[in-house]
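A.B. asks: Once you've had a glance at the structure underneath, I'll fire off some questions.
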Amino acid sequence: MALKATIFKVDLALADMDRNLYENYALTLARHPSENDQRMMVRLLAFMRYADPSLTFGKGLSTDEEPDLWLKDLTGIIDLWIVVGQPDERWLRKASGRARRVVLFSYGGRVAEMWWEQNRATLEKLPNLTVFRLPPESTQALAALANRAMHLQCMIQDGEMLITGEGESVRIEPALIFGSSG
């Protein structure tokens, strides 16, 4: 019998001062059986960073044809393709050909650093790729906020993110290691 995804409901109050965006979102996240809280919360962090009414969660781990999040324009053209983790560089090249912008949120400490060093030469040839690295202590603290019914606030200023929920706060500053932050 196949395991089913676990559903998480998120009420998010976002104040992104860098983009002058102040919105509330009611989100539903499906955590794949092979996905842990840390990865799921990094997907949610990526949503917060690029929040838009048209930004949607893809099928992610359950298919190779979709990213973790994506933003399509009204004609169906993919404007933004967001991935978390350390994907295969061939997959990122393919995504780069399909989308106007590709953003990767890499996490996992030393493993993420080694992955970047192994793939850097190839990935730096992709002009529409942006790569952020997240500190392991921050993503672990973010994972501790995971709950089936989350009420979160996120404030973004000067690239730094402050995420608060259940009386706990996590401060994350995604390190831009390649591309543009826009």
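The chains in the structure tokens are called A, B, ... from first to last as shown; in each chain the residues are counted from 1, and the ligands are counted from 1 in the order shown.
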Can you pull out the residues contacting Val102 (chain A)? Cut-off 8 Å, using only C-alpha atoms, and skip same-chain residues under 2 positions away; I want them as an MDAnalysis selection string.
C.D. replies: chainID A and resid 80:83 92 95:96 99:100 104 128:130
A.B. asks: Got time to write the residues from that selection, N, CA, C and O atoms, as a short mmCIF file (atom, residue, chain, number, x, y, z; two decimals), in the first residue's frame?
C.D. replies:
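The resulting file, selection-v9.cif, is shown below:
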data_model
loop_
_atom_site.label_atom_id
_atom_site.label_comp_id
_atom_site.auth_asym_id
_atom_site.auth_seq_id
_atom_site.Cartn_x
_atom_site.Cartn_y
_atom_site.Cartn_z
N LEU A 80 8.87 31.70 -13.23
CA LEU A 80 9.75 31.39 -12.10
C LEU A 80 9.62 29.92 -11.75
O LEU A 80 8.53 29.40 -11.56
N TRP A 81 10.78 29.25 -11.64
CA TRP A 81 10.87 27.82 -11.32
C TRP A 81 11.72 27.74 -10.05
O TRP A 81 12.90 28.11 -10.08
N ILE A 82 11.14 27.29 -8.94
CA ILE A 82 11.86 27.26 -7.66
C ILE A 82 12.05 25.81 -7.21
O ILE A 82 11.10 25.03 -7.20
N VAL A 83 13.29 25.50 -6.83
CA VAL A 83 13.66 24.15 -6.39
C VAL A 83 14.38 24.27 -5.05
O VAL A 83 15.11 25.23 -4.81
N LEU A 92 18.54 20.92 -13.54
CA LEU A 92 18.55 22.39 -13.47
C LEU A 92 18.76 23.01 -14.85
O LEU A 92 18.17 24.04 -15.17
N ALA A 95 15.45 22.83 -16.53
CA ALA A 95 14.56 23.86 -15.96
C ALA A 95 14.93 25.23 -16.50
O ALA A 95 14.05 26.04 -16.81
N SER A 96 16.21 25.49 -16.64
CA SER A 96 16.69 26.77 -17.15
C SER A 96 16.21 27.02 -18.57
O SER A 96 15.97 28.16 -18.97
N ALA A 99 12.12 27.85 -18.16
CA ALA A 99 11.63 28.99 -17.37
C ALA A 99 12.47 30.23 -17.59
O ALA A 99 13.66 30.13 -17.90
N ARG A 100 11.86 31.38 -17.39
CA ARG A 100 12.60 32.63 -17.50
C ARG A 100 13.62 32.77 -16.38
O ARG A 100 14.73 33.25 -16.60
N LEU A 104 17.19 28.31 -6.84
CA LEU A 104 17.49 27.14 -6.02
C LEU A 104 17.77 27.58 -4.60
O LEU A 104 18.58 28.48 -4.37
N ASN A 128 20.08 32.44 -16.20
CA ASN A 128 18.84 32.73 -15.49
C ASN A 128 18.71 31.98 -14.16
O ASN A 128 17.63 31.89 -13.59
N LEU A 129 19.83 31.47 -13.65
CA LEU A 129 19.84 30.72 -12.39
C LEU A 129 20.29 31.62 -11.23
O LEU A 129 21.24 32.38 -11.36
N THR A 130 19.57 31.49 -10.11
CA THR A 130 19.96 32.12 -8.86
C THR A 130 20.04 31.03 -7.80
O THR A 130 19.14 30.18 -7.71
#
A.B. asks: So which residues touch Phe178 (chain A) within 10 Å, counting only C-alpha atoms, skipping near sequence neighbours fewer than 3 positions away, as a ChimeraX atom specification?
C.D. replies: /A:103-104,120,123-124,127,129-133,175,181
A.B. asks: Tell me, which residues of chain A carry DSSP strand (DSSP E), written as a PyMOL selection string?
C.D. replies: chain A and resi 6-16+21-31+55-57+69-72+78-84+99-106+129-133+149-157+160-165+168-172+175-178
A.B. asks: Once you count only C-alpha atoms, what closest atom pair and distance in Å to one decimal does each residue of region 74-149 of chain A within 7 Å of region 167-171 of chain A have, with rows by chain and rising residue number, as JSON lines?
C.D. replies:
{"residue": "A:Ser138", "atom": "CA", "partner": "A:Val170", "partner_atom": "CA", "distance": 6.7}
{"residue": "A:Ala141", "atom": "CA", "partner": "A:Val170", "partner_atom": "CA", "distance": 6.4}
{"residue": "A:Leu142", "atom": "CA", "partner": "A:Val170", "partner_atom": "CA", "distance": 6.3}
A.B. asks: Run DSSP on the backbone of this structure and report the residues of region 61-156 of chain A it assigns to helix (DSSP H, G or I), as a ChimeraX atom specification.
C.D. replies: /A:61-62,89-98,110-123,136-143
A.B. asks: Hey, can you spit out that residue selection with N, CA and C atoms as a short mmCIF file (atom, residue, chain, number, x, y, z; two decimals), in the first residue's frame?
C.D. replies:
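Saved as part33.cif:
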data_model
loop_
_atom_site.label_atom_id
_atom_site.label_comp_id
_atom_site.auth_asym_id
_atom_site.auth_seq_id
_atom_site.Cartn_x
_atom_site.Cartn_y
_atom_site.Cartn_z
N LEU A 61 8.52 16.30 -5.22
CA LEU A 61 9.15 14.98 -5.16
C LEU A 61 8.40 13.89 -5.91
N SER A 62 7.11 14.08 -6.14
CA SER A 62 6.34 13.01 -6.78
C SER A 62 6.47 13.00 -8.31
N GLU A 89 22.31 18.45 -11.68
CA GLU A 89 22.61 19.63 -12.50
C GLU A 89 21.97 19.54 -13.88
N ARG A 90 21.78 18.34 -14.42
CA ARG A 90 21.10 18.19 -15.72
C ARG A 90 19.65 18.64 -15.61
N TRP A 91 19.03 18.35 -14.47
CA TRP A 91 17.65 18.76 -14.23
C TRP A 91 17.56 20.28 -14.16
N LEU A 92 18.54 20.92 -13.54
CA LEU A 92 18.55 22.39 -13.47
C LEU A 92 18.76 23.01 -14.85
N ARG A 93 19.60 22.39 -15.67
CA ARG A 93 19.79 22.89 -17.04
C ARG A 93 18.49 22.80 -17.83
N LYS A 94 17.78 21.71 -17.66
CA LYS A 94 16.49 21.53 -18.32
C LYS A 94 15.49 22.60 -17.84
N ALA A 95 15.45 22.83 -16.53
CA ALA A 95 14.56 23.86 -15.96
C ALA A 95 14.93 25.23 -16.50
N SER A 96 16.21 25.49 -16.64
CA SER A 96 16.69 26.77 -17.15
C SER A 96 16.21 27.02 -18.57
N GLY A 97 16.05 25.97 -19.34
CA GLY A 97 15.54 26.10 -20.69
C GLY A 97 14.03 26.28 -20.75
N ARG A 98 13.34 25.87 -19.70
CA ARG A 98 11.88 25.94 -19.69
C ARG A 98 11.34 27.20 -19.03
N ARG A 110 27.36 21.12 5.13
CA ARG A 110 28.53 20.68 4.36
C ARG A 110 28.14 19.95 3.07
N VAL A 111 27.06 19.18 3.12
CA VAL A 111 26.60 18.46 1.93
C VAL A 111 26.24 19.45 0.83
N ALA A 112 25.56 20.54 1.19
CA ALA A 112 25.18 21.56 0.22
C ALA A 112 26.42 22.25 -0.35
N GLU A 113 27.40 22.52 0.48
CA GLU A 113 28.64 23.15 0.02
C GLU A 113 29.37 22.24 -0.96
N MET A 114 29.47 20.96 -0.65
CA MET A 114 30.14 20.01 -1.53
C MET A 114 29.39 19.90 -2.86
N TRP A 115 28.05 19.85 -2.80
CA TRP A 115 27.25 19.78 -4.02
C TRP A 115 27.53 20.98 -4.91
N TRP A 116 27.57 22.19 -4.32
CA TRP A 116 27.82 23.40 -5.10
C TRP A 116 29.21 23.35 -5.75
N GLU A 117 30.22 22.95 -5.01
CA GLU A 117 31.57 22.90 -5.56
C GLU A 117 31.67 21.89 -6.71
N GLN A 118 30.94 20.78 -6.62
CA GLN A 118 30.96 19.78 -7.69
C GLN A 118 30.25 20.26 -8.94
N ASN A 119 29.23 21.09 -8.80
CA ASN A 119 28.39 21.49 -9.92
C ASN A 119 28.57 22.94 -10.35
N ARG A 120 29.38 23.67 -9.65
CA ARG A 120 29.54 25.11 -9.85
C ARG A 120 29.89 25.48 -11.30
N ALA A 121 30.88 24.84 -11.87
CA ALA A 121 31.34 25.20 -13.22
C ALA A 121 30.22 25.08 -14.24
N THR A 122 29.42 24.05 -14.16
CA THR A 122 28.32 23.87 -15.09
C THR A 122 27.19 24.85 -14.82
N LEU A 123 26.83 25.02 -13.54
CA LEU A 123 25.67 25.85 -13.20
C LEU A 123 25.93 27.34 -13.41
N PRO A 136 22.41 25.73 8.10
CA PRO A 136 21.76 24.53 8.65
C PRO A 136 21.06 24.77 10.00
N GLU A 137 21.65 25.60 10.86
CA GLU A 137 21.00 25.84 12.15
C GLU A 137 19.67 26.57 11.97
N SER A 138 19.58 27.41 10.96
CA SER A 138 18.33 28.14 10.68
C SER A 138 17.25 27.22 10.12
N THR A 139 17.63 26.33 9.20
CA THR A 139 16.62 25.44 8.62
C THR A 139 16.16 24.40 9.64
N GLN A 140 17.04 24.00 10.56
CA GLN A 140 16.62 23.09 11.62
C GLN A 140 15.65 23.78 12.57
N ALA A 141 15.92 25.04 12.90
CA ALA A 141 15.01 25.81 13.75
C ALA A 141 13.68 26.03 13.04
N LEU A 142 13.73 26.25 11.74
CA LEU A 142 12.51 26.42 10.95
C LEU A 142 11.69 25.12 10.96
N ALA A 143 12.35 23.99 10.85
CA ALA A 143 11.67 22.69 10.88
C ALA A 143 10.94 22.49 12.21
#
A.B. asks: For Met17 (chain A), work out the shell of residues within 8 Å, counting only C-alpha atoms and skipping chain neighbours fewer than 4 positions away, then give it as a PyMOL selection string.
C.D. replies: chain A and resi 21-22+155-158
